[in-house]
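Novice: Structure: upload-v9.csv, CSV, C-alpha atoms.
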```
chain,number,residue,atom,x,y,z
Y,1,MET,CA,228.1,128.5,-75.5
Y,2,THR,CA,230.4,131.5,-75.9
Y,3,ASP,CA,228.6,132.4,-79.2
Y,4,TRP,CA,225.3,132.5,-77.3
Y,5,TYR,CA,226.6,135.0,-74.7
Y,6,VAL,CA,228.2,137.1,-77.5
Y,7,GLU,CA,224.9,137.1,-79.3
Y,8,LEU,CA,223.1,138.2,-76.2
Y,9,ARG,CA,225.5,141.1,-75.8
Y,10,GLU,CA,225.8,142.2,-79.4
Y,11,LYS,CA,222.4,141.5,-80.9
Y,12,TYR,CA,220.2,142.1,-77.9
Y,13,ASP,CA,222.3,144.5,-75.8
Y,14,ILE,CA,222.0,142.1,-72.8
Y,15,ASN,CA,225.1,142.3,-70.7
Y,16,THR,CA,226.2,139.9,-67.9
Y,17,LEU,CA,228.0,141.2,-64.9
Y,18,TRP,CA,229.3,137.8,-63.8
Y,19,ILE,CA,229.1,134.3,-65.1
Y,20,GLY,CA,229.4,131.5,-62.6
Y,21,TYR,CA,231.0,128.2,-63.6
Y,22,ASP,CA,232.1,124.9,-62.2
Y,23,LYS,CA,235.9,124.6,-62.9
Y,24,TRP,CA,235.7,120.9,-63.8
Y,25,ASN,CA,236.8,120.6,-67.4
Y,26,ALA,CA,236.1,124.3,-68.1
Y,27,ASN,CA,239.6,125.8,-68.7
Y,28,TYR,CA,239.2,126.2,-72.5
Y,29,TRP,CA,235.7,127.7,-72.2
Y,30,VAL,CA,236.7,130.1,-69.3
Y,31,ASP,CA,239.7,131.3,-71.3
Y,32,GLU,CA,237.5,131.8,-74.4
Y,33,MET,CA,234.9,133.7,-72.4
Y,34,LYS,CA,237.5,135.9,-70.7
Y,35,ALA,CA,239.0,136.6,-74.2
Y,36,ASN,CA,235.5,137.8,-75.2
Y,37,GLY,CA,235.4,140.2,-72.3
Y,38,PHE,CA,233.2,138.2,-69.9
Y,39,ASN,CA,233.7,138.3,-66.1
Y,40,MET,CA,234.0,134.6,-65.1
Y,41,VAL,CA,233.5,133.6,-61.5
Y,42,GLN,CA,234.4,130.1,-60.3
Y,43,VAL,CA,231.8,128.5,-58.0
Y,44,ILE,CA,233.2,125.6,-55.9
Y,45,GLN,CA,230.8,122.7,-56.0
Y,46,GLY,CA,230.6,121.9,-52.3
Y,47,ALA,CA,228.3,122.2,-49.3
Y,48,ILE,CA,230.3,125.0,-47.7
Y,49,THR,CA,229.9,127.2,-50.8
Y,50,MET,CA,226.4,126.2,-51.8
Y,51,SER,CA,224.6,125.6,-48.6
Y,52,SER,CA,223.6,129.1,-47.5
Y,53,PRO,CA,222.7,130.3,-51.1
Y,54,MET,CA,220.7,127.1,-51.6
Y,55,LYS,CA,218.7,127.8,-48.5
Y,56,GLU,CA,218.2,131.4,-49.5
Y,57,LEU,CA,217.2,130.3,-53.1
Y,58,GLU,CA,214.6,127.9,-51.6
Y,59,ALA,CA,213.1,130.8,-49.6
Y,60,GLU,CA,213.0,132.9,-52.8
Y,61,PHE,CA,211.2,130.1,-54.6
Y,62,LYS,CA,208.7,129.7,-51.8
Y,63,ALA,CA,208.1,133.5,-51.8
Y,64,LYS,CA,207.6,133.3,-55.6
Y,65,ASN,CA,210.5,135.7,-56.2
Y,66,ILE,CA,212.2,133.5,-58.8
Y,67,ILE,CA,210.9,133.7,-62.3
Y,68,TYR,CA,211.9,130.8,-64.4
Y,69,ASN,CA,209.2,130.9,-67.1
Y,70,ASP,CA,207.9,127.5,-66.1
Y,71,LEU,CA,210.7,125.9,-68.2
Y,72,ASP,CA,210.1,122.1,-68.5
Y,73,ILE,CA,213.8,121.2,-68.5
Y,74,LEU,CA,214.5,123.2,-65.3
Y,75,LYS,CA,211.5,121.7,-63.6
Y,76,TRP,CA,212.7,118.2,-64.6
Y,77,CYS,CA,216.2,119.0,-63.3
Y,78,LEU,CA,214.8,120.3,-60.0
Y,79,THR,CA,212.7,117.2,-59.5
Y,80,ASN,CA,215.8,115.0,-60.1
Y,81,THR,CA,217.7,116.9,-57.4
Y,82,VAL,CA,218.1,115.5,-53.9
Y,83,ILE,CA,219.5,117.5,-51.1
Y,84,GLU,CA,222.4,116.0,-49.2
Y,85,MET,CA,223.1,117.3,-45.7
Y,86,ASP,CA,226.3,117.0,-43.7
Y,87,LYS,CA,226.6,116.8,-39.9
Y,88,ASN,CA,226.9,120.6,-39.7
Y,89,GLN,CA,223.5,121.1,-41.6
Y,90,ASN,CA,225.3,122.2,-44.8
Y,91,ILE,CA,223.4,121.2,-47.9
Y,92,ARG,CA,224.4,120.5,-51.5
Y,93,PRO,CA,222.6,119.2,-54.5
Y,94,VAL,CA,223.1,115.6,-55.6
Y,95,LYS,CA,221.4,113.2,-58.0
Y,96,GLY,CA,218.8,110.9,-56.6
Y,97,LYS,CA,218.8,107.1,-56.9
Y,98,ASN,CA,218.7,107.2,-60.7
Y,99,GLN,CA,222.2,108.4,-61.6
Y,100,LYS,CA,221.2,108.9,-65.3
Y,101,GLN,CA,218.8,111.7,-64.4
Y,102,ARG,CA,220.2,115.2,-64.9
Y,103,ILE,CA,220.5,118.0,-62.3
Y,104,ASP,CA,222.6,120.3,-64.5
Y,105,GLY,CA,219.9,122.9,-64.7
Y,106,THR,CA,219.5,123.0,-60.9
Y,107,VAL,CA,223.3,123.3,-60.4
Y,108,SER,CA,223.5,126.0,-63.0
Y,109,LEU,CA,220.8,127.9,-61.2
Y,110,ILE,CA,222.5,127.5,-57.9
Y,111,ASP,CA,225.8,128.6,-59.4
Y,112,ALA,CA,224.2,131.7,-60.7
Y,113,PHE,CA,222.6,132.4,-57.3
Y,114,VAL,CA,225.9,131.9,-55.5
Y,115,VAL,CA,227.4,134.5,-57.7
Y,116,TYR,CA,224.4,136.8,-57.1
Y,117,VAL,CA,224.6,136.3,-53.3
Y,118,ASN,CA,228.4,137.0,-53.2
Y,119,ASN,CA,227.9,140.1,-55.3
Y,120,LYS,CA,224.5,141.3,-54.1
Y,121,ALA,CA,225.6,144.8,-53.0
Y,122,ASP,CA,227.5,145.4,-56.2
Y,123,TYR,CA,224.5,144.2,-58.3
Y,124,HIS,CA,222.0,146.4,-56.5
Y,125,ALA,CA,224.4,149.4,-56.8
Y,126,TRP,CA,224.8,148.7,-60.5
Y,127,ASN,CA,221.0,148.4,-60.9
Y,128,GLY,CA,220.5,151.8,-59.2
Y,129,GLU,CA,219.0,150.3,-56.0
Y,130,ASP,CA,220.1,151.3,-52.5
```
Please rewrite the model in this file as structure tokens.
Specialist:
Amino acid sequence: MTDWYVELREKYDINTLWIGYDKWNANYWVDEMKANGFNMVQVIQGAITMSSPMKELEAEFKAKNIIYNDLDILKWCLTNTVIEMDKNQNIRPVKGKNQKQRIDGTVSLIDAFVVYVNNKADYHAWNGED
């Protein structure tokens, strides 16, 4: 994974501002990425952290503001994702009845969106937007 990010930066001049990650079993990778100069941002995998960004992400999908190149694997992950809601109307992604189906792509997208939402002003300033 690290090699892919390094290749994006060195071969294609694509730089990442932040990379969101789930801390579960990620210590080695996070250390490796930091050693390669990447800004790693932990995203807590719970309803309090994910709820508001998930709702905003849903609105962005409905407004057709999310471009995901019609990727089959992401569509598959999205269809495998069920929304769990707590008593406070906070939501989080979970697997449906079939625990073998994968939602990793959905969670990765949400993690990236959480990082975006938490750094929106800095991102738009970096991008030259007001």
Novice: Which distance in Å separates CA of Asn88 (chain Y) and CA of Arg102 (chain Y), to one decimal?
Specialist: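 Taking CA of Asn88 (chain Y) and CA of Arg102 (chain Y), their separation equals 26.6 Å.
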Novice: Between region 34-100 of chain Y and region 6-16 of chain Y, at 9 Å or less, what are the per-residue closest atom pairs and their distances in Å? Count all atoms listed in the file, order by chain and rising residue number, and return it as JSON lines.
Specialist:
```
{"residue": "Y:Asn36", "atom": "CA", "partner": "Y:Val6", "partner_atom": "CA", "distance": 7.7}
{"residue": "Y:Phe38", "atom": "CA", "partner": "Y:Thr16", "partner_atom": "CA", "distance": 7.5}
{"residue": "Y:Asn39", "atom": "CA", "partner": "Y:Thr16", "partner_atom": "CA", "distance": 7.9}
```
Novice: Residues near region 50-57 of chain Y, anyone? I mean within 12 Å using all atoms listed in the file, not counting same-chain ones fewer than 6 positions away, as a PDB file with C-alpha atoms, in the coordinates of the input.
Specialist:
```pdb
ATOM      1  CA  ASP Y  22     232.100 124.900 -62.200  1.00  0.00           C
ATOM      2  CA  VAL Y  43     231.800 128.500 -58.000  1.00  0.00           C
ATOM      3  CA  ILE Y  44     233.200 125.600 -55.900  1.00  0.00           C
ATOM      4  CA  ALA Y  63     208.100 133.500 -51.800  1.00  0.00           C
ATOM      5  CA  LYS Y  64     207.600 133.300 -55.600  1.00  0.00           C
ATOM      6  CA  ASN Y  65     210.500 135.700 -56.200  1.00  0.00           C
ATOM      7  CA  ILE Y  66     212.200 133.500 -58.800  1.00  0.00           C
ATOM      8  CA  ILE Y  67     210.900 133.700 -62.300  1.00  0.00           C
ATOM      9  CA  ILE Y  83     219.500 117.500 -51.100  1.00  0.00           C
ATOM     10  CA  GLU Y  84     222.400 116.000 -49.200  1.00  0.00           C
ATOM     11  CA  MET Y  85     223.100 117.300 -45.700  1.00  0.00           C
ATOM     12  CA  ASP Y  86     226.300 117.000 -43.700  1.00  0.00           C
ATOM     13  CA  ASN Y  88     226.900 120.600 -39.700  1.00  0.00           C
ATOM     14  CA  GLN Y  89     223.500 121.100 -41.600  1.00  0.00           C
ATOM     15  CA  ASN Y  90     225.300 122.200 -44.800  1.00  0.00           C
ATOM     16  CA  ILE Y  91     223.400 121.200 -47.900  1.00  0.00           C
ATOM     17  CA  ARG Y  92     224.400 120.500 -51.500  1.00  0.00           C
ATOM     18  CA  PRO Y  93     222.600 119.200 -54.500  1.00  0.00           C
ATOM     19  CA  VAL Y  94     223.100 115.600 -55.600  1.00  0.00           C
ATOM     20  CA  THR Y 106     219.500 123.000 -60.900  1.00  0.00           C
ATOM     21  CA  VAL Y 107     223.300 123.300 -60.400  1.00  0.00           C
ATOM     22  CA  SER Y 108     223.500 126.000 -63.000  1.00  0.00           C
ATOM     23  CA  LEU Y 109     220.800 127.900 -61.200  1.00  0.00           C
ATOM     24  CA  ILE Y 110     222.500 127.500 -57.900  1.00  0.00           C
ATOM     25  CA  ASP Y 111     225.800 128.600 -59.400  1.00  0.00           C
ATOM     26  CA  ALA Y 112     224.200 131.700 -60.700  1.00  0.00           C
ATOM     27  CA  PHE Y 113     222.600 132.400 -57.300  1.00  0.00           C
ATOM     28  CA  VAL Y 114     225.900 131.900 -55.500  1.00  0.00           C
ATOM     29  CA  VAL Y 115     227.400 134.500 -57.700  1.00  0.00           C
ATOM     30  CA  TYR Y 116     224.400 136.800 -57.100  1.00  0.00           C
ATOM     31  CA  VAL Y 117     224.600 136.300 -53.300  1.00  0.00           C
ATOM     32  CA  ASN Y 118     228.400 137.000 -53.200  1.00  0.00           C
ATOM     33  CA  ASN Y 119     227.900 140.100 -55.300  1.00  0.00           C
ATOM     34  CA  LYS Y 120     224.500 141.300 -54.100  1.00  0.00           C
TER      35      LYS Y 120
END
```
Novice: Between CA of His124 (chain Y) and CA of Asp3 (chain Y), what is the spacing in Å?
Specialist: 27.5 Å
Novice: So the first atom is CA of Met1 (chain Y) and the second is CA of Ala26 (chain Y); what is the distance between them in Å, to one decimal place?
Specialist: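 Separating CA of Met1 (chain Y) from CA of Ala26 (chain Y) is a distance of 11.7 Å.
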Novice: Leaving out Ile73 (chain Y) and any residue of its chain fewer than 6 positions from it, which residues lie within 12 Å of it when counting all atoms listed in the file, given as a list in words?
Specialist: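 These residues fall inside the cut-off: Thr79, Asn80, Gln101, Arg102, Ile103, Asp104, Gly105 and Thr106 of chain Y.
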